[in-house]
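S.K.: Structure file data.txt (compact mmCIF, C-alpha atoms) is given on the next line.
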# COMPACT_ATOMS: atom_id res chain seq x y z
CA MET A 1 181.84 11.21 -79.20
CA ILE A 2 182.56 9.60 -82.57
CA ALA A 3 181.49 6.19 -81.23
CA SER A 4 178.23 7.67 -79.94
CA LEU A 5 177.55 9.42 -83.25
CA SER A 6 178.27 6.15 -85.04
CA LEU A 7 175.81 4.31 -82.81
CA ILE A 8 173.10 6.90 -83.59
CA LEU A 9 173.81 6.69 -87.34
CA LEU A 10 173.84 2.89 -87.14
CA CYS A 11 170.40 2.87 -85.49
CA GLN A 12 169.09 5.14 -88.27
CA LEU A 13 170.73 2.97 -90.94
CA VAL A 14 169.17 -0.22 -89.59
CA GLY A 15 165.84 1.64 -89.38
CA GLU A 16 166.02 2.82 -93.00
CA VAL A 17 166.99 -0.66 -94.23
CA ALA A 18 164.18 -2.26 -92.20
CA VAL A 19 161.39 0.03 -93.46
CA ARG A 20 162.53 -0.42 -97.06
CA ALA A 21 162.86 -4.19 -96.78
CA LEU A 22 159.46 -4.56 -95.10
CA ALA A 23 157.83 -1.76 -97.17
CA VAL A 24 156.10 -0.27 -94.09
CA PRO A 25 155.00 3.40 -94.17
CA VAL A 26 157.05 4.44 -91.09
CA PRO A 27 159.96 6.89 -91.34
CA GLY A 28 163.33 5.10 -90.93
CA PRO A 29 164.60 7.46 -88.18
CA VAL A 30 161.53 6.63 -86.05
CA VAL A 31 162.48 2.93 -86.19
CA GLY A 32 166.03 4.04 -85.30
CA LEU A 33 164.61 5.88 -82.26
CA VAL A 34 162.89 2.68 -81.09
CA LEU A 35 166.13 0.69 -81.60
CA LEU A 36 168.21 3.13 -79.56
CA LEU A 37 165.55 3.12 -76.82
CA LEU A 38 165.62 -0.70 -76.74
CA LEU A 39 169.44 -0.64 -76.54
CA LEU A 40 169.33 1.77 -73.58
CA LEU A 41 166.73 -0.39 -71.82
CA ALA A 42 168.75 -3.56 -72.52
CA ARG A 43 171.81 -1.90 -71.00
CA ASP A 44 170.01 -1.57 -67.67
CA ARG A 45 169.20 -5.28 -67.67
CA PHE A 46 172.58 -6.54 -68.97
CA PRO A 47 175.40 -4.45 -67.44
CA VAL A 48 177.85 -6.06 -69.89
CA LEU A 49 176.42 -3.70 -72.57
CA ALA A 50 177.42 -0.60 -70.59
CA ARG A 51 180.60 0.10 -72.51
CA GLY A 52 181.75 2.28 -75.41
CA PRO A 53 178.96 4.64 -76.52
CA LEU A 54 176.49 3.00 -74.13
CA GLY A 55 178.70 3.56 -71.09
CA ASN A 56 179.58 6.67 -69.13
CA ASP A 57 176.71 8.91 -70.37
CA SER A 58 178.36 8.98 -73.80
CA VAL A 59 175.49 8.54 -76.28
CA GLU A 60 173.27 10.49 -73.87
CA SER A 61 175.40 13.63 -73.92
CA VAL A 62 175.80 13.58 -77.73
CA SER A 63 172.02 13.22 -78.12
CA ARG A 64 171.28 16.02 -75.68
CA GLY A 65 173.71 18.25 -77.55
CA MET A 66 171.95 17.56 -80.84
CA LEU A 67 168.47 18.14 -79.39
CA ALA A 68 169.52 21.38 -77.72
CA ASN A 69 169.98 22.82 -81.21
CA LEU A 70 167.02 21.13 -82.88
CA SER A 71 165.81 24.51 -84.23
CA LEU A 72 168.95 24.82 -86.37
CA LEU A 73 168.13 21.64 -88.29
CA PHE A 74 164.88 23.07 -89.72
CA ILE A 75 166.56 26.11 -91.25
CA PRO A 76 167.81 24.61 -94.57
CA ALA A 77 164.35 23.22 -95.44
CA GLY A 78 162.69 26.39 -94.16
CA VAL A 79 164.75 28.66 -96.41
CA GLY A 80 163.36 26.74 -99.39
CA VAL A 81 159.93 27.89 -98.27
CA VAL A 82 160.97 31.55 -98.15
CA GLN A 83 161.71 31.30 -101.87
CA LYS A 84 158.27 29.83 -102.58
CA LEU A 85 156.22 32.45 -100.78
CA ASP A 86 154.81 33.61 -104.15
CA LEU A 87 152.65 30.46 -103.98
CA LEU A 88 150.75 32.27 -101.24
CA ALA A 89 150.18 35.36 -103.38
CA GLU A 90 146.70 34.52 -104.58
CA HIS A 91 145.08 33.33 -101.33
CA GLY A 92 147.81 34.57 -98.95
CA THR A 93 145.81 36.30 -96.22
CA ALA A 94 143.11 33.63 -96.14
CA ILE A 95 145.72 30.85 -95.83
CA LEU A 96 147.62 32.66 -93.05
CA VAL A 97 144.41 33.24 -91.06
CA ILE A 98 143.28 29.63 -91.57
CA LEU A 99 146.62 28.19 -90.46
CA ALA A 100 146.80 30.47 -87.41
CA VAL A 101 143.25 29.66 -86.27
CA SER A 102 143.77 25.95 -86.91
CA VAL A 103 147.01 25.82 -84.92
CA ILE A 104 145.39 27.61 -81.95
CA VAL A 105 142.32 25.34 -81.99
CA THR A 106 144.55 22.24 -82.26
CA LEU A 107 146.79 23.32 -79.36
CA LEU A 108 143.78 23.99 -77.12
CA ALA A 109 141.89 20.80 -78.06
CA THR A 110 145.00 18.63 -77.54
CA VAL A 111 146.06 20.09 -74.22
CA ALA A 112 142.49 20.12 -72.85
CA THR A 113 142.01 16.46 -73.82
CA PHE A 114 145.36 15.50 -72.33
CA VAL A 115 144.69 17.22 -69.01
CA ALA A 116 141.10 15.90 -68.79
CA ALA A 117 142.13 12.34 -69.69
CA SER A 118 145.06 12.26 -67.27
CA SER A 119 142.95 13.44 -64.34
CA LEU A 120 140.21 10.95 -65.32
CA PHE A 121 142.62 7.99 -65.54
CA SER A 122 144.53 8.90 -62.38
CA ARG A 123 141.26 9.10 -60.43
CA ASP A 124 140.43 5.59 -61.66
CA GLU A 125 143.75 4.32 -60.31
CA GLU A 126 143.23 5.93 -56.91
CA ALA A 127 139.75 4.42 -56.46
CA PRO A 128 139.92 0.80 -57.57
CA MET B 1 194.24 37.64 -102.89
CA SER B 2 192.57 37.30 -106.23
CA ASP B 3 193.13 40.23 -108.59
CA ASN B 4 189.41 40.27 -109.36
CA PRO B 5 187.10 40.41 -106.31
CA PHE B 6 184.26 39.14 -108.50
CA SER B 7 186.04 35.83 -109.18
CA LEU B 8 186.50 35.35 -105.45
CA TRP B 9 182.74 35.76 -105.01
CA VAL B 10 182.09 33.31 -107.85
CA TYR B 11 184.26 30.77 -106.07
CA LEU B 12 182.76 31.35 -102.64
CA SER B 13 179.12 31.46 -103.72
CA GLN B 14 179.48 28.07 -105.41
CA SER B 15 181.24 26.31 -102.54
CA PRO B 16 179.37 24.57 -99.72
CA LEU B 17 181.64 26.36 -97.23
CA LEU B 18 180.03 29.78 -97.58
CA TRP B 19 176.42 28.60 -97.24
CA LEU B 20 177.16 26.25 -94.35
CA THR B 21 178.91 29.13 -92.58
CA VAL B 22 176.03 31.52 -93.30
CA THR B 23 173.53 29.00 -91.89
CA LEU B 24 175.48 28.34 -88.69
CA LEU B 25 176.38 32.01 -88.11
CA THR B 26 172.81 33.20 -88.62
CA TYR B 27 171.50 30.53 -86.27
CA ALA B 28 174.18 31.31 -83.67
CA ALA B 29 173.21 35.00 -83.78
CA THR B 30 169.42 34.46 -83.68
CA ASP B 31 169.78 31.82 -80.94
CA ALA B 32 171.92 34.21 -78.89
CA VAL B 33 169.19 36.85 -79.21
CA SER B 34 166.60 34.25 -78.22
CA LEU B 35 168.65 33.36 -75.10
CA LYS B 36 169.22 37.03 -74.28
CA THR B 37 165.46 37.65 -74.34
CA ARG B 38 165.01 34.58 -72.10
CA ARG B 39 163.49 32.56 -74.97
CA HIS B 40 160.84 35.13 -75.80
CA PRO B 41 158.36 33.47 -78.22
CA LEU B 42 158.76 36.25 -80.81
CA ALA B 43 162.55 35.83 -80.81
CA ASN B 44 162.09 32.38 -82.38
CA PRO B 45 165.45 31.48 -83.97
CA VAL B 46 163.88 29.52 -86.86
CA LEU B 47 161.67 32.44 -87.90
CA HIS B 48 164.45 35.04 -87.83
CA SER B 49 167.08 32.79 -89.46
CA LEU B 50 164.66 32.08 -92.33
CA TRP B 51 164.02 35.67 -93.36
CA ILE B 52 167.63 36.74 -92.85
CA ILE B 53 169.04 33.91 -95.00
CA GLY B 54 166.14 34.24 -97.47
CA ALA B 55 166.81 37.96 -97.93
CA PHE B 56 170.55 37.29 -98.30
CA LEU B 57 169.90 34.74 -101.05
CA LEU B 58 167.57 37.14 -102.87
CA LEU B 59 170.05 40.02 -102.63
CA THR B 60 172.96 37.93 -103.93
CA LYS B 61 170.72 36.25 -106.55
CA THR B 62 171.77 32.83 -105.25
CA SER B 63 169.59 29.86 -106.17
CA TYR B 64 168.18 27.61 -103.44
CA THR B 65 169.99 24.64 -105.03
CA THR B 66 173.35 26.37 -104.53
CA TYR B 67 172.44 27.29 -100.95
CA PHE B 68 171.25 23.78 -100.17
CA ALA B 69 174.51 22.24 -101.43
CA GLY B 70 176.11 23.80 -98.33
CA ALA B 71 173.16 23.64 -95.93
CA GLN B 72 172.46 19.97 -96.63
CA PHE B 73 175.03 18.97 -94.00
CA VAL B 74 172.80 20.56 -91.38
CA HIS B 75 169.61 19.23 -92.96
CA PHE B 76 171.04 15.70 -92.87
CA LEU B 77 171.19 15.80 -89.07
CA LEU B 78 167.35 15.80 -88.85
CA GLY B 79 167.42 11.99 -89.13
CA PRO B 80 170.02 11.39 -86.39
CA ALA B 81 168.26 14.00 -84.19
CA THR B 82 165.06 11.96 -84.47
CA VAL B 83 167.00 8.88 -83.29
CA ALA B 84 168.48 11.00 -80.48
CA LEU B 85 164.94 11.61 -79.14
CA ALA B 86 165.33 8.10 -77.67
CA VAL B 87 167.58 9.50 -74.92
CA PRO B 88 165.17 11.98 -73.24
CA LEU B 89 162.43 9.40 -73.83
CA TYR B 90 164.52 6.79 -71.98
CA GLU B 91 165.36 9.20 -69.15
CA ASN B 92 161.68 10.08 -68.66
CA ARG B 93 160.34 6.57 -69.33
CA LYS B 94 158.40 6.27 -66.04
CA ARG B 95 156.62 9.56 -66.62
CA VAL B 96 155.83 8.57 -70.22
CA ALA B 97 154.62 5.07 -69.30
CA ALA B 98 152.28 6.59 -66.70
CA ALA B 99 150.71 8.85 -69.34
CA VAL B 100 150.12 6.36 -72.18
CA LEU B 101 146.31 6.51 -72.03
CA PRO B 102 145.98 10.33 -71.90
CA MET B 103 148.49 10.50 -74.77
CA LEU B 104 146.49 8.15 -76.98
CA VAL B 105 143.22 10.04 -76.35
CA ALA B 106 144.89 13.43 -76.91
CA LEU B 107 146.59 12.11 -80.05
CA THR B 108 143.27 11.07 -81.58
CA VAL B 109 141.47 14.31 -80.68
CA GLY B 110 144.42 16.54 -81.59
CA SER B 111 145.16 14.91 -84.91
CA LEU B 112 141.48 15.02 -85.97
CA THR B 113 141.16 18.67 -84.85
CA ALA B 114 144.24 19.68 -86.84
CA ILE B 115 142.88 18.17 -90.07
CA VAL B 116 139.16 18.91 -89.72
CA SER B 117 139.66 22.52 -88.57
CA VAL B 118 141.88 23.42 -91.51
CA VAL B 119 139.63 21.72 -94.09
CA LEU B 120 136.42 23.30 -92.74
CA LEU B 121 137.97 26.77 -92.42
CA ALA B 122 139.44 26.59 -95.91
CA ARG B 123 136.06 25.55 -97.29
CA ALA B 124 134.35 28.40 -95.43
CA PHE B 125 136.83 30.82 -97.00
CA GLY B 126 135.91 29.36 -100.40
CA LEU B 127 139.42 28.21 -101.30
CA PRO B 128 139.74 25.93 -104.35
CA ARG B 129 139.76 22.19 -103.74
CA ASP B 130 143.42 21.62 -104.64
CA VAL B 131 144.52 24.33 -102.16
CA ILE B 132 142.42 22.72 -99.40
CA LEU B 133 144.00 19.33 -100.12
CA SER B 134 147.48 20.89 -99.97
CA LEU B 135 146.74 22.48 -96.57
CA ALA B 136 145.15 19.39 -94.95
CA PRO B 137 148.36 17.63 -93.75
CA LYS B 138 150.03 20.87 -92.46
CA SER B 139 150.51 19.68 -88.87
CA VAL B 140 152.94 16.84 -89.60
CA THR B 141 156.63 16.99 -90.35
CA ALA B 142 157.46 18.24 -93.88
CA GLY B 143 158.63 14.95 -95.42
CA VAL B 144 155.50 13.04 -94.40
CA ALA B 145 153.15 15.94 -95.23
CA MET B 146 154.56 16.26 -98.76
CA GLY B 147 154.09 12.52 -99.27
CA ILE B 148 150.44 12.77 -98.23
CA SER B 149 149.92 15.80 -100.46
CA GLU B 150 151.42 13.95 -103.41
CA SER B 151 149.18 10.93 -102.90
CA LEU B 152 146.14 13.26 -102.98
CA HIS B 153 147.39 14.86 -106.26
CA ALA B 154 147.67 18.21 -104.44
CA ASP B 155 150.60 20.64 -104.57
CA PRO B 156 153.48 19.36 -102.37
CA SER B 157 155.36 22.68 -102.48
CA LEU B 158 152.32 24.57 -101.15
CA THR B 159 152.09 21.85 -98.48
CA ALA B 160 155.74 22.46 -97.53
CA VAL B 161 155.07 26.21 -97.19
CA SER B 162 152.03 25.60 -94.98
CA VAL B 163 153.93 23.05 -92.85
CA ILE B 164 156.76 25.50 -92.09
CA LEU B 165 154.34 28.42 -91.46
CA THR B 166 152.25 26.22 -89.15
CA GLY B 167 155.36 25.13 -87.24
CA ILE B 168 156.59 28.69 -86.74
CA MET B 169 153.15 30.03 -85.75
CA GLY B 170 152.66 27.14 -83.32
CA ALA B 171 156.12 27.64 -81.78
CA ILE B 172 155.46 31.36 -81.29
CA ILE B 173 151.95 31.07 -79.92
CA VAL B 174 152.18 27.95 -77.71
CA THR B 175 153.77 29.53 -74.62
CA PRO B 176 151.55 32.67 -74.36
CA LEU B 177 148.45 30.59 -75.19
CA MET B 178 149.19 27.94 -72.55
CA ASN B 179 150.06 30.58 -69.94
CA PHE B 180 146.75 32.27 -70.75
CA THR B 181 144.81 29.02 -70.11
CA GLY B 182 146.69 28.56 -66.84
CA ILE B 183 147.61 24.95 -67.66
CA THR B 184 150.91 24.09 -65.97
CA ASP B 185 151.09 20.39 -66.90
CA TYR B 186 154.21 20.45 -69.09
CA ARG B 187 153.43 16.97 -70.40
CA GLY B 188 150.19 18.23 -71.93
CA ARG B 189 151.69 21.52 -73.11
CA GLY B 190 154.52 19.73 -74.88
CA PHE B 191 152.24 17.08 -76.33
CA ALA B 192 150.00 19.79 -77.82
CA ALA B 193 153.03 21.56 -79.34
CA GLY B 194 154.17 18.32 -81.01
CA ILE B 195 150.70 17.56 -82.41
CA ALA B 196 149.96 21.08 -83.70
CA ALA B 197 153.42 22.23 -84.77
CA HIS B 198 155.55 19.06 -85.43
CA GLY B 199 159.36 19.44 -85.18
CA ILE B 200 159.48 23.24 -84.91
CA GLY B 201 156.99 23.01 -82.02
CA THR B 202 159.13 20.22 -80.50
CA ALA B 203 162.26 22.37 -80.77
CA ARG B 204 160.37 25.15 -78.98
CA ALA B 205 159.19 22.70 -76.29
CA PHE B 206 162.79 21.61 -75.60
CA GLN B 207 163.72 25.28 -75.13
CA VAL B 208 161.04 25.69 -72.47
CA ASP B 209 161.16 22.41 -70.52
CA GLU B 210 162.75 18.98 -71.04
CA VAL B 211 159.60 17.06 -70.11
CA ALA B 212 157.59 19.19 -72.56
CA GLY B 213 160.20 18.37 -75.23
CA VAL B 214 159.94 14.61 -74.60
CA PHE B 215 156.14 14.65 -74.90
CA ALA B 216 156.32 16.88 -77.98
CA GLY B 217 158.72 14.42 -79.64
CA ILE B 218 156.38 11.48 -78.97
CA ALA B 219 153.38 13.49 -80.20
CA MET B 220 155.17 14.48 -83.40
CA SER B 221 156.18 10.87 -84.20
CA LEU B 222 152.75 9.41 -83.47
CA ASN B 223 150.97 12.21 -85.35
CA ALA B 224 152.97 11.48 -88.49
CA LEU B 225 151.50 7.97 -88.50
CA VAL B 226 147.92 8.92 -87.58
CA THR B 227 147.70 11.88 -89.96
CA SER B 228 148.80 9.85 -92.97
CA LEU B 229 145.86 7.51 -92.25
CA LEU B 230 143.32 10.24 -91.36
CA VAL B 231 143.86 12.88 -94.08
CA PRO B 232 142.65 10.75 -97.01
CA LEU B 233 139.59 9.68 -94.94
CA ALA B 234 138.82 13.21 -93.76
CA VAL B 235 138.99 14.81 -97.19
CA THR B 236 136.71 12.14 -98.67
CA TYR B 237 134.05 12.85 -96.04
CA LEU B 238 134.46 16.61 -95.77
CA LEU B 239 134.91 17.50 -99.44
CA ARG B 240 132.23 15.45 -101.11
Please go through the file and, once you have read it, give me the structure as structure tokens.

M.R.:
Amino acid sequence: MIASLSLILLCQLVGEVAVRALAVPVPGPVVGLVLLLLLLLARDRFPVLARGPLGNDSVESVSRGMLANLSLLFIPAGVGVVQKLDLLAEHGTAILVILAVSVIVTLLATVATFVAASSLFSRDEEAP
Amino acid sequence: MSDNPFSLWVYLSQSPLLWLTVTLLTYAATDAVSLKTRRHPLANPVLHSLWIIGAFLLLTKTSYTTYFAGAQFVHFLLGPATVALAVPLYENRKRVAAAVLPMLVALTVGSLTAIVSVVLLARAFGLPRDVILSLAPKSVTAGVAMGISESLHADPSLTAVSVILTGIMGAIIVTPLMNFTGITDYRGRGFAAGIAAHGIGTARAFQVDEVAGVFAGIAMSLNALVTSLLVPLAVTYLLR
């Protein structure tokens, strides 16, 4: 478990160093995600890599454990917001209504586009 | 035992131990309730943990800085958890590769809708310009949204509030809304949750279905990039 956690931290560390060195506007952990994905794909091609954290479902089970409790990780930042709710005082109701309507419209537009596009593209594949 | 109970409180309230324990215990309790109600949308563990801990801090007159000194150990794990998204992505790689085109189209439409809808609605409600600018990036993860808000000379703390509220509302509403539309494609449902409600929506998607979670995670990461490019453009055109 410690080796798997170290591998995850190492991927993030390399990601953070890379985005700072190259001054690209991408979050470091996202680069870390890509690195870990590449490592997992490389393991399938070169079985010699399947050891330590990359062997025996090790890094996979640690990652799944972390993602199963993803909600927990937003709580510390979220509590900061609870203490700033007075910012909403002046335009509170309007802002709440706007955010709620916007989130509903965005969910519907995204899912409708996704479903329409995937049926469109899969039809193209079936009828070449 | 200390002869003065007050000095014990002074020690505890200043140590990271108490606030880390409070965070984990509150989450464990709210998550247990959420499981007990079979992940009912209104039993969202983020929502209920926030007001419980918030009320506790207000009652004990504890500053957020003191609280965060303990809770930061949990907050830190957001970075590694983002890296960990590689694992479900890897396990579902065939499904993801097959859906690249629909994802790119939905990303463009979804990201634009999120920004344009909030800016137009806020203008219709007659909100002041700096409030509109602070609301515009509300659908991306807090760190990125606050950066965008800062670059527009808006109010990053109002942006943070709107990001968290958006995430919680999205996480609560996504399941009933999608069931209402009758859409059962969990790739699309998850992708929409990630676009509209960033990490809190992604956490919700993982509770419902692993495939939905994977697509939400991809949507959230891609949206962070697209939104930082689109918000400055959108506000220049829409708020002339």

S.K.: Counting all atoms listed in the file, which of B:Val211, B:Ile132, B:Leu8, B:Leu57 gets nearest to Gly80 in chain A?

M.R.: B:Leu57

S.K.: My list of candidates is B:Ile183, B:Asn223, B:Ala136, B:Ile195. Which is closest to Leu99 in chain A when distances are computed with all atoms listed in the file?

M.R.: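 Distance minimum relative to Leu99 in chain A lands on B:Ala136.
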
S.K.: With only C-alpha atoms considered, list every residue of chain A at most 7 Å from chain B, as a ChimeraX atom specification.

M.R.: /A:8-9,12,29-30,32-34,36-37,60,63,66-67,70-76,78-83,87,94,98-100,102-103,106-107,109-111,113-115,117-118

S.K.: Give me, please, the distance in Å between CA of Ala205 in chain B and CA of Thr175 in chain B, quoted to one decimal.

M.R.: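 Here the two named atoms are 8.9 Å from each other.
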
S.K.: To one decimal place, how far is CA of Ala43 in chain B from CA of Ala219 in chain B in Å?

M.R.: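 It comes out at 24.2 Å.
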
S.K.: Quick check, in Å to one decimal: how far apart do CA of Leu133 in chain B and CA of Leu88 in chain A lie?

M.R.: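 So the two atoms, CA of Leu133 in chain B and CA of Leu88 in chain A, lie 14.6 Å apart.
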
S.K.: Could you pull out every residue with an atom within 9 Å of (181.1, 7.3, -77.1), file coordinates, counting all atoms listed in the file, and send them as a list in words?

M.R.: Met1, Ile2, Ala3, Ser4, Leu5, Ser6, Leu7, Arg51, Gly52, Pro53, Leu54, Gly55, Asn56, Asp57, Ser58, Val59 and Val62 of chain A

S.K.: For Leu108 in chain A, which residue among B:Lys94, B:Phe6, B:Pro176, B:Ser13 is the nearest when counting all atoms listed in the file?

M.R.: B:Pro176
